[in-house]
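A quick write-up on the structure given underneath.
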Number of protein chains: 2
Amino acid sequence: MSEKPLPSAAASATLLLALLAGLAQADSIRAADPLSSWNNTAPKKAIVAFVEKVTKPGGPDFVQIPERIAVFDNDGTLWSEQPIYTQFQFVMDRVKVLARTHPEWKEQEPFATALKGDLDAATALGVKGMLELTAVIHAGLTTDEFALIIKDWLATARHPTTGRPYTEMVYQPMLELLAYLRAKGFKTFIVSGGSVEFMRPWTEKVYGIPPEQVIGSTTKTKRAMRDGTPVIVRLPEIEFVDDRDGKPIGIFGHIGRRPIAAFGNSDGDLEMLQWTAAGRGARLCLYVHHTDARREWEYDRKSNVGRLDKGLDEALTRGWTIVNMKEDWKTIFHFH
Amino acid sequence: MSEKPLPSAAASATLLLALLAGLAQADSIRAADPLSSWNNTAPKKAIVAFVEKVTKPGGPDFVQIPERIAVFDNDGTLWSEQPIYTQFQFVMDRVKVLARTHPEWKEQEPFATALKGDLDAATALGVKGMLELTAVIHAGLTTDEFALIIKDWLATARHPTTGRPYTEMVYQPMLELLAYLRAKGFKTFIVSGGSVEFMRPWTEKVYGIPPEQVIGSTTKTKRAMRDGTPVIVRLPEIEFVDDRDGKPIGIFGHIGRRPIAAFGNSDGDLEMLQWTAAGRGARLCLYVHHTDARREWEYDRKSNVGRLDKGLDEALTRGWTIVNMKEDWKTIFHFH
């Protein structure tokens, strides 16, 4: 408000701050591309265009920060699901360990199938079959004990093809996408057919997604007292299957509002993408299409795991974004 | 690294920045007390001591930000639950509206009780009875339609004693506590026996708690298509009762980790406080004790709504923090 000349210290400070601001801006222009593992093809352009649209204050598609909800399938979307869902491998390994005190399992299904280690036969049990097996063999454990078992397994288990820990079998471009969305005010959630308890011990470290933002299939539990201390104990029964129709139900039950962006890779994600697309305003629906037999895997319409058939047709019809892994991802894993 | 004298512009800027920093610090010392509706009695001291302990970097009780989880009961802890739980009043009002096309309800229970408007008889239906009634009379609605009904009801309904909108029947000291904890890096959650769908349309505006941080009782739903659009439709069946034993189960299912602070007011919150207390490290367990017949209500061991009996004994035995509303709260409602 004053028209007097600025005192000299303040004037010098102003000058210096302006210089510093200029340097900072130049720095940010030179800053690394937040999606540097993505080639500059259509999917990256669609992602950036969507994010700029919904974050532009005053723009026709502006979305308030609390409504910037993005949901991600896990298996096949954030990490590899070949040659078998990681949780299936975990369960097979657990059956082997526990079979030492259950010799009768050699003759009983589904234990016998799990013990044989035949991936195709195990996969044929289906998501629900494998969730049931997970629930049955871990019944009676406290939730703390179960979390520890998962952490221990992940610390030593290795992917059968790459020999890497499973937590390194995550897609670098998707890690960048998660971080980019969060930097733009999005809240990122996992919505997986896998057990929520199988994911929560490691998603924060690996994806930056805290346990309370992980939605998945659940097992019934009860409260009990052990040595005078309250604990939560697992029961041998599935509570909820967070797959297909279950995904919008799980999202509504957990988040209570409709996402504006959804990312999947299989028919199991189709209802989640449809429910996201059905909301008013700008939406981003994206399918990861596994097309890279050399760097990852190549599968879609006839795969046992992560089949993308109806979803591919719908994505093509509705103009959803389809990531062709071979063409659109510069890097797939950090170790390549 | 340089030992040359600073150039004059930089020196002046440094001086000015130091001055500005000094002013900012002085400002923050003079800043309003974030818990100004609390008297300077034991509960306020316990809250501040706990928060300072767990947020002191390098201190023996330091807790990382992601682990700073605080859970709050709603009825009787964040807003008034007298003379009847607000959701009960909502359901009674809804039964009256819907009874126009259901004349048979006059003779059928529990509709007849709800229609009579007798608060004691309605309360005697219990939390589960009222949740069932909520589910039955709203079956077939989409979740979007149900949210609209709740918003419309809250916009016009008035508290029977004060004549205020229900969303003004919130405790000013608890609003301050929520804001204070969030400013200290806590994530605040509601954990209520009420229906999650009854709370989510308004908790963000009233408490600053987004829908995804509201845990409550749930109703079964299914996905369906309406006019070619996917929707979620309510079914006439309770899925989960988030009360007593259900509270730790609900917290674990939703958040996936144990809170370090829990706030309740009744025996229905006891298992939540016990489970919170059972974790390792510093914990804050607090009961709001309704002792102010003049400014709010006075009730505990023999109340039909919000009974605090076993919980009061356990709080006294274990040295949990007990808020005596009459003595410890300077203000209860913003309109007093």
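Following the order of the structure tokens, first chain is A, next is B, and so on, with residues numbered from 1 inside each chain and ligands from 1 in the order they appear.
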Go through chain A residue by residue and, counting only C-alpha atoms, keep those with an atom at most 10 Å from chain B; for each kept residue give the shortest atom pair and its distance in Å to one decimal, ordered by chain and increasing number, as a tab-separated table.
```
residue	atom	partner	partner_atom	distance
A:Ser8	CA	B:Ser12	CA	8.2
A:Ala9	CA	B:Ser12	CA	4.9
A:Ala10	CA	B:Leu16	CA	6.9
A:Ala11	CA	B:Ala9	CA	8.5
A:Ser12	CA	B:Ala9	CA	4.8
A:Ala13	CA	B:Ala13	CA	4.0
A:Thr14	CA	B:Ala13	CA	7.7
A:Leu15	CA	B:Ala9	CA	7.9
A:Leu16	CA	B:Ala10	CA	6.7
A:Leu17	CA	B:Ala13	CA	8.0
A:Pro66	CA	B:Pro210	CA	7.6
A:Glu67	CA	B:Pro210	CA	9.7
A:Thr143	CA	B:Phe252	CA	8.7
A:Asp144	CA	B:Arg257	CA	9.5
A:Val196	CA	B:Gly253	CA	8.4
A:Glu197	CA	B:Gly256	CA	7.9
A:Arg200	CA	B:Gly256	CA	7.0
A:Pro201	CA	B:Gly256	CA	8.9
A:Glu204	CA	B:Pro66	CA	9.4
A:Pro210	CA	B:Pro66	CA	7.6
A:Pro211	CA	B:Gly256	CA	5.5
A:Glu212	CA	B:Ile255	CA	4.1
A:Gln213	CA	B:Ile255	CA	7.7
A:Val214	CA	B:Ile255	CA	8.5
A:Ile215	CA	B:His254	CA	8.2
A:Gly216	CA	B:Gly253	CA	9.9
A:Thr218	CA	B:Gly253	CA	7.9
A:Thr219	CA	B:Gly253	CA	9.3
A:Lys220	CA	B:Ile249	CA	9.3
A:Thr221	CA	B:Ile249	CA	7.0
A:Lys222	CA	B:Ile249	CA	6.9
A:Arg223	CA	B:Asp245	CA	6.2
A:Ala224	CA	B:Asp245	CA	9.0
A:Gly228	CA	B:Ala278	CA	9.7
A:Thr229	CA	B:Ala278	CA	6.5
A:Pro230	CA	B:Trp275	CA	5.8
A:Val231	CA	B:Trp275	CA	7.3
A:Ile232	CA	B:Ile249	CA	7.0
A:Val233	CA	B:Ile249	CA	9.5
A:Asp245	CA	B:Arg223	CA	6.3
A:Gly246	CA	B:Arg223	CA	8.0
A:Lys247	CA	B:Arg223	CA	9.5
A:Pro248	CA	B:Arg223	CA	7.4
A:Ile249	CA	B:Arg223	CA	6.9
A:Gly250	CA	B:Thr221	CA	9.9
A:Ile251	CA	B:Glu212	CA	9.4
A:Phe252	CA	B:Ile232	CA	8.2
A:Gly253	CA	B:Thr218	CA	7.9
A:His254	CA	B:Glu212	CA	6.0
A:Ile255	CA	B:Glu212	CA	4.1
A:Gly256	CA	B:Pro211	CA	5.5
A:Arg257	CA	B:Pro211	CA	7.3
A:Glu271	CA	B:Pro230	CA	8.2
A:Met272	CA	B:Pro230	CA	9.8
A:Gln274	CA	B:Pro230	CA	7.1
A:Trp275	CA	B:Pro230	CA	5.9
A:Thr276	CA	B:Pro230	CA	9.4
A:Ala277	CA	B:Pro230	CA	9.4
A:Ala278	CA	B:Thr229	CA	6.4
A:Gly279	CA	B:Thr229	CA	9.4
```
Extract, using only C-alpha atoms, all DNA, RNA and protein residues at most 9 Å from Thr321 of chain B, discarding same-chain residues fewer than 5 positions from it, and format them as a count of residues only. 11
Every residue of segment 54-233 of chain A that DSSP places in alpha helix (DSSP H), as a PyMOL selection string: chain A and resi 54-55+86-98+111-116+119-123+126-137+143-156+172-183+196-199+203-207
As an exercise, work out the distance from atom CA of Ser192 of chain A to atom CA of Asp73 of chain A in Å and give it to one decimal place.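 Result for atom CA of Ser192 of chain A versus atom CA of Asp73 of chain A: 5.1 Å, one decimal.
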Residue among B:Lys184, B:Ser303, B:Val97, B:Phe72 lying closest to Val48 of chain B, counting only C-alpha atoms: B:Lys184
From the DSSP assignment of the backbone, select every residue of segment 56-268 of chain B that is strand (DSSP E), and format the answer as a PyMOL selection string. chain B and resi 69-72+187-195+214-226+229-240+261-264
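Using only C-alpha atoms, the shortest contact distance between Asp75 of chain B and any of B:Phe263, B:Phe50, B:Phe111, B:Phe62 is found at B:Phe263.
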For the atom pair atom CA of Asp242 of chain A and atom CA of Lys205 of chain A, what is the interatomic distance in Å to one decimal place? 22.7 Å
Restricting to only C-alpha atoms, whichever of B:Glu107, B:Lys45, B:Asn304, B:Asp61 is closest to Arg280 of chain B is B:Asp61
Which residues, written as a list of chain:residue names, have at least one atom at most 10 Å from Val206 of chain B, with only C-alpha atoms counted and residues fewer than 4 positions away on the same chain left out?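 Neighbouring residues, sequence-local ones excluded: B:Thr167, B:Glu168, B:Val170, B:Leu175, B:Pro201, B:Trp202, B:Pro210.
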Pick from A:Asp227, A:Asp152, A:Glu327, A:Asp300: nearest to Asn265 of chain A, with only C-alpha atoms counted? A:Asp300
Gln87 of chain A surroundings by only C-alpha atoms, 9 Å radius, close-in-sequence under 3 positions cut, as a PyMOL selection string: chain A and resi 84+90-92+130-131+134+194-195+198
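Between Arg182 of chain B and the candidates B:Asp118, B:Tyr207, B:Trp38, B:Tyr85, the tightest atom-to-atom separation, counting only C-alpha atoms, involves B:Tyr207.
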For Asn39 of chain A, find every residue with an atom within 8 Å (counting only C-alpha atoms), except residues of its own chain fewer than 3 positions away, and show them as a list in words.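 My reading of the contact set: Ser36, Lys44, Glu327, Asp328, Trp329 and Lys330 of chain A.
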